[in-house]
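Next comes query.pdb, with PDB, N, CA and C atoms.
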MODEL        1
ATOM      1  N   MET M   1       0.856  -1.172   0.000
ATOM      2  CA  MET M   1       0.000   0.000   0.000
ATOM      3  C   MET M   1       0.902   1.234   0.000
ATOM      4  N   ASN M   2       0.526   2.216  -0.795
ATOM      5  CA  ASN M   2       1.340   3.426  -0.764
ATOM      6  C   ASN M   2       0.814   4.390   0.305
ATOM      7  N   LEU M   3       1.582   5.413   0.564
ATOM      8  CA  LEU M   3       1.254   6.335   1.647
ATOM      9  C   LEU M   3      -0.056   7.069   1.386
ATOM     10  N   LYS M   4      -0.299   7.454   0.163
ATOM     11  CA  LYS M   4      -1.530   8.164  -0.174
ATOM     12  C   LYS M   4      -2.742   7.277   0.110
ATOM     13  N   GLN M   5      -2.672   6.021  -0.285
ATOM     14  CA  GLN M   5      -3.777   5.089  -0.026
ATOM     15  C   GLN M   5      -3.998   4.904   1.474
ATOM     16  N   TYR M   6      -2.904   4.783   2.197
ATOM     17  CA  TYR M   6      -3.008   4.601   3.640
ATOM     18  C   TYR M   6      -3.719   5.786   4.290
ATOM     19  N   ILE M   7      -3.320   6.987   3.903
ATOM     20  CA  ILE M   7      -3.917   8.190   4.470
ATOM     21  C   ILE M   7      -5.403   8.265   4.120
ATOM     22  N   GLU M   8      -5.751   7.880   2.897
ATOM     23  CA  GLU M   8      -7.150   7.908   2.479
ATOM     24  C   GLU M   8      -8.006   6.957   3.313
ATOM     25  N   HIS M   9      -7.410   5.866   3.811
ATOM     26  CA  HIS M   9      -8.147   4.893   4.615
ATOM     27  C   HIS M   9      -8.228   5.262   6.100
ATOM     28  N   LEU M  10      -7.482   6.267   6.503
ATOM     29  CA  LEU M  10      -7.536   6.696   7.896
ATOM     30  C   LEU M  10      -8.857   7.410   8.163
ATOM     31  N   GLY M  11      -9.330   7.282   9.341
ATOM     32  CA  GLY M  11     -10.554   7.989   9.720
ATOM     33  C   GLY M  11     -10.298   9.474   9.896
ATOM     34  N   ARG M  12     -11.334  10.161  10.271
ATOM     35  CA  ARG M  12     -11.244  11.609  10.492
ATOM     36  C   ARG M  12     -10.142  11.918  11.503
ATOM     37  N   GLY M  13      -9.280  12.843  11.139
ATOM     38  CA  GLY M  13      -8.177  13.241  12.006
ATOM     39  C   GLY M  13      -6.967  12.329  11.926
ATOM     40  N   GLY M  14      -7.077  11.271  11.129
ATOM     41  CA  GLY M  14      -5.986  10.304  11.035
ATOM     42  C   GLY M  14      -4.713  10.870  10.436
ATOM     43  N   SER M  15      -4.854  11.698   9.408
ATOM     44  CA  SER M  15      -3.652  12.275   8.792
ATOM     45  C   SER M  15      -2.966  13.238   9.754
ATOM     46  N   LYS M  16      -3.769  13.958  10.528
ATOM     47  CA  LYS M  16      -3.197  14.874  11.515
ATOM     48  C   LYS M  16      -2.420  14.091  12.571
ATOM     49  N   GLU M  17      -3.015  12.993  13.038
ATOM     50  CA  GLU M  17      -2.364  12.162  14.049
ATOM     51  C   GLU M  17      -1.070  11.547  13.513
ATOM     52  N   LEU M  18      -1.105  11.058  12.282
ATOM     53  CA  LEU M  18       0.101  10.480  11.691
ATOM     54  C   LEU M  18       1.184  11.539  11.542
ATOM     55  N   ALA M  19       0.807  12.709  11.071
ATOM     56  CA  ALA M  19       1.774  13.803  10.923
ATOM     57  C   ALA M  19       2.405  14.154  12.265
ATOM     58  N   GLU M  20       1.588  14.204  13.304
ATOM     59  CA  GLU M  20       2.113  14.518  14.634
ATOM     60  C   GLU M  20       3.089  13.444  15.107
ATOM     61  N   LYS M  21       2.753  12.190  14.882
ATOM     62  CA  LYS M  21       3.649  11.099  15.276
ATOM     63  C   LYS M  21       4.981  11.185  14.538
ATOM     64  N   LEU M  22       4.934  11.654  13.296
ATOM     65  CA  LEU M  22       6.153  11.783  12.499
ATOM     66  C   LEU M  22       6.892  13.088  12.769
ATOM     67  N   GLY M  23       6.250  13.992  13.500
ATOM     68  CA  GLY M  23       6.866  15.286  13.799
ATOM     69  C   GLY M  23       6.913  16.221  12.612
ATOM     70  N   ILE M  24       5.897  16.108  11.742
ATOM     71  CA  ILE M  24       5.839  16.958  10.550
ATOM     72  C   ILE M  24       4.439  17.556  10.448
ATOM     73  N   SER M  25       4.293  18.523   9.558
ATOM     74  CA  SER M  25       2.977  19.136   9.344
ATOM     75  C   SER M  25       2.126  18.241   8.442
ATOM     76  N   ARG M  26       0.821  18.436   8.507
ATOM     77  CA  ARG M  26      -0.075  17.694   7.612
ATOM     78  C   ARG M  26       0.209  18.056   6.169
ATOM     79  N   SER M  27       0.574  19.304   5.948
ATOM     80  CA  SER M  27       0.893  19.755   4.598
ATOM     81  C   SER M  27       2.101  18.994   4.045
ATOM     82  N   PHE M  28       3.129  18.839   4.871
ATOM     83  CA  PHE M  28       4.319  18.110   4.415
ATOM     84  C   PHE M  28       3.991  16.629   4.226
ATOM     85  N   LEU M  29       3.164  16.066   5.086
ATOM     86  CA  LEU M  29       2.740  14.679   4.917
ATOM     87  C   LEU M  29       2.019  14.515   3.586
ATOM     88  N   SER M  30       1.185  15.459   3.242
ATOM     89  CA  SER M  30       0.482  15.428   1.965
ATOM     90  C   SER M  30       1.460  15.487   0.797
ATOM     91  N   GLN M  31       2.491  16.313   0.927
ATOM     92  CA  GLN M  31       3.512  16.407  -0.124
ATOM     93  C   GLN M  31       4.262  15.089  -0.277
ATOM     94  N   LEU M  32       4.560  14.442   0.841
ATOM     95  CA  LEU M  32       5.231  13.145   0.788
ATOM     96  C   LEU M  32       4.329  12.119   0.108
ATOM     97  N   ALA M  33       3.064  12.108   0.481
ATOM     98  CA  ALA M  33       2.119  11.132  -0.062
ATOM     99  C   ALA M  33       1.872  11.322  -1.556
ATOM    100  N   SER M  34       1.910  12.564  -2.004
ATOM    101  CA  SER M  34       1.644  12.849  -3.421
ATOM    102  C   SER M  34       2.875  12.728  -4.295
ATOM    103  N   GLY M  35       4.042  12.597  -3.675
ATOM    104  CA  GLY M  35       5.276  12.519  -4.443
ATOM    105  C   GLY M  35       5.897  13.860  -4.746
ATOM    106  N   LYS M  36       5.304  14.924  -4.225
ATOM    107  CA  LYS M  36       5.852  16.269  -4.457
ATOM    108  C   LYS M  36       7.114  16.521  -3.656
ATOM    109  N   ALA M  37       7.283  15.788  -2.561
ATOM    110  CA  ALA M  37       8.494  15.898  -1.735
ATOM    111  C   ALA M  37       9.101  14.501  -1.631
ATOM    112  N   PRO M  38      10.414  14.399  -1.789
ATOM    113  CA  PRO M  38      11.054  13.081  -1.671
ATOM    114  C   PRO M  38      11.012  12.582  -0.224
ATOM    115  N   ILE M  39      10.971  11.277  -0.086
ATOM    116  CA  ILE M  39      10.949  10.668   1.243
ATOM    117  C   ILE M  39      12.325  10.088   1.531
ATOM    118  N   SER M  40      12.978  10.612   2.547
ATOM    119  CA  SER M  40      14.325  10.155   2.891
ATOM    120  C   SER M  40      14.268   8.737   3.445
ATOM    121  N   PRO M  41      15.389   8.006   3.366
ATOM    122  CA  PRO M  41      15.420   6.662   3.952
ATOM    123  C   PRO M  41      15.048   6.643   5.424
ATOM    124  N   VAL M  42      15.505   7.612   6.173
ATOM    125  CA  VAL M  42      15.172   7.670   7.596
ATOM    126  C   VAL M  42      13.667   7.855   7.776
ATOM    127  N   ARG M  43      13.080   8.740   7.018
ATOM    128  CA  ARG M  43      11.637   8.979   7.103
ATOM    129  C   ARG M  43      10.861   7.736   6.670
ATOM    130  N   CYS M  44      11.375   6.984   5.709
ATOM    131  CA  CYS M  44      10.715   5.747   5.285
ATOM    132  C   CYS M  44      10.583   4.766   6.446
ATOM    133  N   VAL M  45      11.637   4.630   7.211
ATOM    134  CA  VAL M  45      11.605   3.729   8.366
ATOM    135  C   VAL M  45      10.586   4.234   9.382
ATOM    136  N   GLU M  46      10.566   5.536   9.611
ATOM    137  CA  GLU M  46       9.600   6.109  10.556
ATOM    138  C   GLU M  46       8.168   5.856  10.096
ATOM    139  N   ILE M  47       7.912   6.049   8.808
ATOM    140  CA  ILE M  47       6.570   5.836   8.276
ATOM    141  C   ILE M  47       6.184   4.364   8.376
ATOM    142  N   GLU M  48       7.108   3.487   8.047
ATOM    143  CA  GLU M  48       6.834   2.054   8.168
ATOM    144  C   GLU M  48       6.461   1.697   9.609
ATOM    145  N   ASN M  49       7.189   2.236  10.555
ATOM    146  CA  ASN M  49       6.914   1.959  11.968
ATOM    147  C   ASN M  49       5.575   2.550  12.408
ATOM    148  N   GLU M  50       5.304   3.782  12.045
ATOM    149  CA  GLU M  50       4.078   4.453  12.493
ATOM    150  C   GLU M  50       2.824   3.932  11.805
ATOM    151  N   THR M  51       2.984   3.276  10.643
ATOM    152  CA  THR M  51       1.826   2.689   9.962
ATOM    153  C   THR M  51       1.742   1.193  10.256
ATOM    154  N   TYR M  52       2.530   0.744  11.213
ATOM    155  CA  TYR M  52       2.538  -0.663  11.634
ATOM    156  C   TYR M  52       2.778  -1.612  10.465
ATOM    157  N   GLY M  53       3.643  -1.170   9.547
ATOM    158  CA  GLY M  53       4.012  -2.007   8.411
ATOM    159  C   GLY M  53       3.013  -2.005   7.271
ATOM    160  N   ASN M  54       1.957  -1.234   7.392
ATOM    161  CA  ASN M  54       0.996  -1.151   6.290
ATOM    162  C   ASN M  54       1.585  -0.434   5.087
ATOM    163  N   VAL M  55       2.482   0.513   5.344
ATOM    164  CA  VAL M  55       3.237   1.186   4.289
ATOM    165  C   VAL M  55       4.695   0.850   4.555
ATOM    166  N   THR M  56       5.291   0.088   3.662
ATOM    167  CA  THR M  56       6.654  -0.377   3.887
ATOM    168  C   THR M  56       7.690   0.501   3.200
ATOM    169  N   ARG M  57       8.923   0.291   3.598
ATOM    170  CA  ARG M  57      10.034   0.990   2.944
ATOM    171  C   ARG M  57      10.069   0.647   1.462
ATOM    172  N   LYS M  58       9.738  -0.590   1.138
ATOM    173  CA  LYS M  58       9.691  -1.009  -0.272
ATOM    174  C   LYS M  58       8.615  -0.232  -1.025
ATOM    175  N   ASP M  59       7.481  -0.012  -0.368
ATOM    176  CA  ASP M  59       6.405   0.763  -0.988
ATOM    177  C   ASP M  59       6.832   2.204  -1.235
ATOM    178  N   LEU M  60       7.556   2.761  -0.290
ATOM    179  CA  LEU M  60       7.924   4.168  -0.342
ATOM    180  C   LEU M  60       9.090   4.451  -1.283
ATOM    181  N   ARG M  61       9.969   3.476  -1.482
ATOM    182  CA  ARG M  61      11.140   3.657  -2.345
ATOM    183  C   ARG M  61      11.260   2.466  -3.288
ATOM    184  N   PRO M  62      10.291   2.279  -4.194
ATOM    185  CA  PRO M  62      10.282   1.085  -5.042
ATOM    186  C   PRO M  62      11.477   0.969  -5.986
ATOM    187  N   VAL M  63      12.096   2.078  -6.319
ATOM    188  CA  VAL M  63      13.198   2.059  -7.283
ATOM    189  C   VAL M  63      14.536   1.690  -6.645
ATOM    190  N   ASP M  64      14.763   2.149  -5.418
ATOM    191  CA  ASP M  64      16.101   1.973  -4.852
ATOM    192  C   ASP M  64      16.148   1.302  -3.482
ATOM    193  N   TRP M  65      15.047   0.725  -3.031
ATOM    194  CA  TRP M  65      15.042   0.139  -1.683
ATOM    195  C   TRP M  65      16.093  -0.955  -1.526
ATOM    196  N   GLU M  66      16.360  -1.722  -2.582
ATOM    197  CA  GLU M  66      17.338  -2.810  -2.466
ATOM    198  C   GLU M  66      18.752  -2.293  -2.220
ATOM    199  N   LYS M  67      19.050  -1.111  -2.743
ATOM    200  CA  LYS M  67      20.365  -0.517  -2.524
ATOM    201  C   LYS M  67      20.497   0.035  -1.107
ATOM    202  N   ILE M  68      19.390   0.542  -0.570
ATOM    203  CA  ILE M  68      19.411   1.147   0.764
ATOM    204  C   ILE M  68      19.313   0.094   1.851
ATOM    205  N   TRP M  69      18.407  -0.868   1.661
ATOM    206  CA  TRP M  69      18.154  -1.915   2.657
ATOM    207  C   TRP M  69      18.292  -3.302   2.026
ATOM    208  N   PRO M  70      19.506  -3.715   1.653
ATOM    209  CA  PRO M  70      19.669  -5.023   0.994
ATOM    210  C   PRO M  70      19.205  -6.181   1.867
ATOM    211  N   GLU M  71      19.177  -5.980   3.173
ATOM    212  CA  GLU M  71      18.747  -7.048   4.075
ATOM    213  C   GLU M  71      17.259  -7.373   3.931
ATOM    214  N   LEU M  72      16.493  -6.496   3.289
ATOM    215  CA  LEU M  72      15.067  -6.742   3.090
ATOM    216  C   LEU M  72      14.789  -7.636   1.883
ATOM    217  N   ASN M  73      15.802  -7.859   1.085
ATOM    218  CA  ASN M  73      15.638  -8.691  -0.106
ATOM    219  C   ASN M  73      15.533 -10.151   0.315
ATOM    220  N   SER M  74      14.388 -10.746   0.068
ATOM    221  CA  SER M  74      14.161 -12.140   0.496
ATOM    222  C   SER M  74      15.057 -13.108  -0.252
ATOM    223  N   ASN M  75      15.588 -12.683  -1.385
ATOM    224  CA  ASN M  75      16.502 -13.545  -2.154
ATOM    225  C   ASN M  75      17.964 -13.269  -1.839
ATOM    226  N   ASN M  76      18.213 -12.416  -0.857
ATOM    227  CA  ASN M  76      19.573 -12.033  -0.507
ATOM    228  C   ASN M  76      20.407 -13.263  -0.160
ATOM    229  N   GLY M  77      21.492 -13.442  -0.894
ATOM    230  CA  GLY M  77      22.384 -14.558  -0.634
ATOM    231  C   GLY M  77      21.973 -15.842  -1.313
ATOM    232  N   GLN M  78      20.866 -15.807  -2.057
ATOM    233  CA  GLN M  78      20.405 -17.002  -2.748
ATOM    234  C   GLN M  78      20.430 -16.751  -4.241
ATOM    235  N   GLN M  79      20.759 -17.740  -4.990
ATOM    236  CA  GLN M  79      20.790 -17.628  -6.460
ATOM    237  C   GLN M  79      19.613 -18.309  -7.074
TER     238      GLN M  79
ENDMDL
END
Turn this file's structure into structure tokens for me.
Amino acid sequence: MNLKQYIEHLGRGGSKELAEKLGISRSFLSQLASGKAPISPVRCVEIENETYGNVTRKDLRPVDWEKIWPELNSNNGQQ
């Protein structure tokens, strides 16, 4: 699930609560969810934790997650 989908499924006030947990404004959370602002690797981990794994680092960085977190590759070390 991507961040935008997750936010859309939150109940009333959910985006505000998530933004507060992340220590950012709702406006910046919206920018992250829409792709207007890049999501740093550190922020990806925070989002994964605060969404209880519903939005993963892989979801947030589909192009380069393997380079950042090679340990998440289920095929790591296997041919």
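Applied to this file, the PyMOL selection byres ((chain M and resi 4-8) around 8) selects Met1, Asn2, Leu3, His9, Leu10, Gly11, Gly14, Ser15, Ser30, Leu32, Ala33, Ser34, Gly35, Asn54 and Val55 of chain M.
Minimum distance to M:Gly23 across M:Asp59, M:Glu46, M:Leu72, M:Glu66 (counting only C-alpha atoms) occurs at M:Glu46.
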Box centre and edge lengths (Å, one decimal), axis-aligned, stretch 45-59 of chain M plus 5 Å each side, as JSON:
{"center_x": 6.3, "center_y": 2.1, "center_z": 5.6, "size_x": 20.6, "size_y": 18.1, "size_z": 23.7}
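Of the residues under consideration (M:Ser25, M:Leu18, M:Lys67, M:Lys58), M:Lys58 shows the shortest atom-to-atom contact distance to M:Val45 when counting only C-alpha atoms.
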- request: Please measure the separation of atom C of M:Glu71 and atom CA of M:Pro38, giving the value in Å to one decimal.
  value: 22.1 Å
- line: Using all atoms listed in the file, the shortest atom-to-atom distance to M:Ile39 among M:Leu60, M:Ile68, M:Ala19, M:Ile24 belongs to M:Leu60
message: Ranking M:Val63, M:Lys21, M:Ser74, M:Arg26 by minimum distance to M:Glu48 and counting only C-alpha atoms, which one comes first?
response: M:Lys21
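In this model, the gap between atom N of M:Asn73 and atom C of M:Arg61 comes to 12.1 Å.
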